[in-house]
Amino acid sequence: MQKIVIADDEAAGRTLIKQYLQEYPTMIVVGEANNGVDAVKIINEFKPDVVFLDIQMPGLTGFDVLKHLEEIPQIIFSTAYDQYALQAFEVHAIDYLLKPYTGGRFNAAIQKLRLNQSQNLTPVQPLAESLINPLQYPEKILIQQNQKLVTVNVRDIIWIAAEGDYSKIITHRGNYLSNYGISQLELKLNPQHFIRVHRSSIIHLEFVKEIQKQLSSYDVMMQNGDWVRVSRGYMDNIKKLTY
């Protein structure tokens, strides 16, 4: 069963999608929106698997909607404006339905969606990268979980541990596994708040509870009770904090 949300400012556009979806009984429409602001609210509330998203809507454009989502599902754009096609694929949408489109063209989009899902060719991680401004440290990062993205507030991160080619992000709300390696995440974090203490660890200074000096290293206790070892190569980062 897949949850579907339709966001389109034209009632006829929403109706057409629902009619075409009748051929796919496992795809259930759980919400509709006729403007960008309501689209954000409904998508964040229902956490759909797929969103049929118009681009030119009152309040927020379809692209702006994506920037306000807690989780980013798979997106099929449905719009009357062809000038946004390139931008749509730059954010790795599944497909771009140009109105008016036929039932056959709609079915082709669904088949493309199913192919991506069956082969786990999820486009949401590149989408996450496109929504983050590389010129500034983000207040939020998007962590891929299956075929969705979960928003994590950077200020809530306690520390980060390397997990092979991935990274485990430890927060007060829970732990998340990021597709990014720890060195990639380090570049996205403000060094005034986050420091590398080990090739496998980054700590958030705000959540340091105490630092214990050992014979040849330091151990850092975080506010959640986790101990993080400081390796020899990163000891200078800790020494800068001690007076």
# chains A, B, ... in the order shown; residues from 1 in each chain; ligands from 1
>>> select_by_dssp(residues="segment 51-242 of chain A", states="strand (DSSP E or B)", output="PyMOL selection string")
chain A and resi 51-53+71+74-79+95-98+140-145+148-153+157-163+166-171+175-178+194-198+201-204+208-213+218-222+227-230
>>> select_by_dssp(residues="segment 8-242 of chain A", states="helix (DSSP H, G or I)", output="PyMOL selection string")
chain A and resi 11-21+36-46+62-67+82-90+103-118+124-131+154-156+182-188+205-207+232-239
>>> residues_around(residues="segment 60-62 of chain A", least_positions_apart="2", cutoff="9 Å", atoms="only C-alpha atoms", output="ChimeraX atom specification")
/A:7,35-37,39-40,53-58,64-66,77
>>> write_last_selection(atoms="N, CA and C atoms", output="compact mmCIF listing (two decimals), in the first residue's frame")
# COMPACT_ATOMS: atom_id res chain seq x y z
N ALA A 7 -1.04 17.68 -4.87
CA ALA A 7 -1.01 19.13 -4.63
C ALA A 7 -1.11 19.84 -5.97
N ASN A 35 -2.84 24.65 -2.62
CA ASN A 35 -1.84 25.71 -2.55
C ASN A 35 -0.59 25.16 -1.87
N GLY A 36 0.52 25.88 -2.01
CA GLY A 36 1.78 25.37 -1.51
C GLY A 36 1.86 25.28 -0.01
N VAL A 37 1.26 26.22 0.71
CA VAL A 37 1.31 26.21 2.17
C VAL A 37 0.59 24.99 2.72
N ALA A 39 0.02 22.30 1.10
CA ALA A 39 0.75 21.11 0.65
C ALA A 39 1.81 20.72 1.66
N VAL A 40 2.54 21.71 2.17
CA VAL A 40 3.56 21.43 3.18
C VAL A 40 2.93 20.80 4.42
N LEU A 53 2.90 16.73 -7.65
CA LEU A 53 3.13 18.10 -7.21
C LEU A 53 3.10 19.08 -8.38
N ASP A 54 2.17 20.03 -8.28
CA ASP A 54 2.15 21.13 -9.24
C ASP A 54 3.30 22.10 -8.90
N ILE A 55 3.67 22.92 -9.84
CA ILE A 55 4.78 23.86 -9.60
C ILE A 55 4.27 25.26 -9.30
N GLN A 56 3.42 25.80 -10.16
CA GLN A 56 2.89 27.14 -9.94
C GLN A 56 1.63 27.05 -9.10
N MET A 57 1.79 27.30 -7.78
CA MET A 57 0.66 27.27 -6.86
C MET A 57 0.70 28.52 -5.99
N PRO A 58 -0.45 28.96 -5.48
CA PRO A 58 -0.46 30.09 -4.55
C PRO A 58 0.32 29.74 -3.27
N ASP A 64 9.52 25.29 -3.71
CA ASP A 64 9.58 25.82 -2.36
C ASP A 64 8.98 24.82 -1.36
N VAL A 65 7.94 24.12 -1.79
CA VAL A 65 7.33 23.11 -0.92
C VAL A 65 8.38 22.09 -0.47
N LEU A 66 9.21 21.65 -1.39
CA LEU A 66 10.22 20.64 -1.06
C LEU A 66 11.15 21.11 0.05
N PHE A 77 6.17 15.58 -10.76
CA PHE A 77 5.61 16.90 -11.04
C PHE A 77 4.51 16.79 -12.07
>>> closest_residue(among="A:Gln223, A:Tyr137, A:Lys239, A:Gln212", to="Phe194 of chain A", atoms="only C-alpha atoms")
A:Tyr137
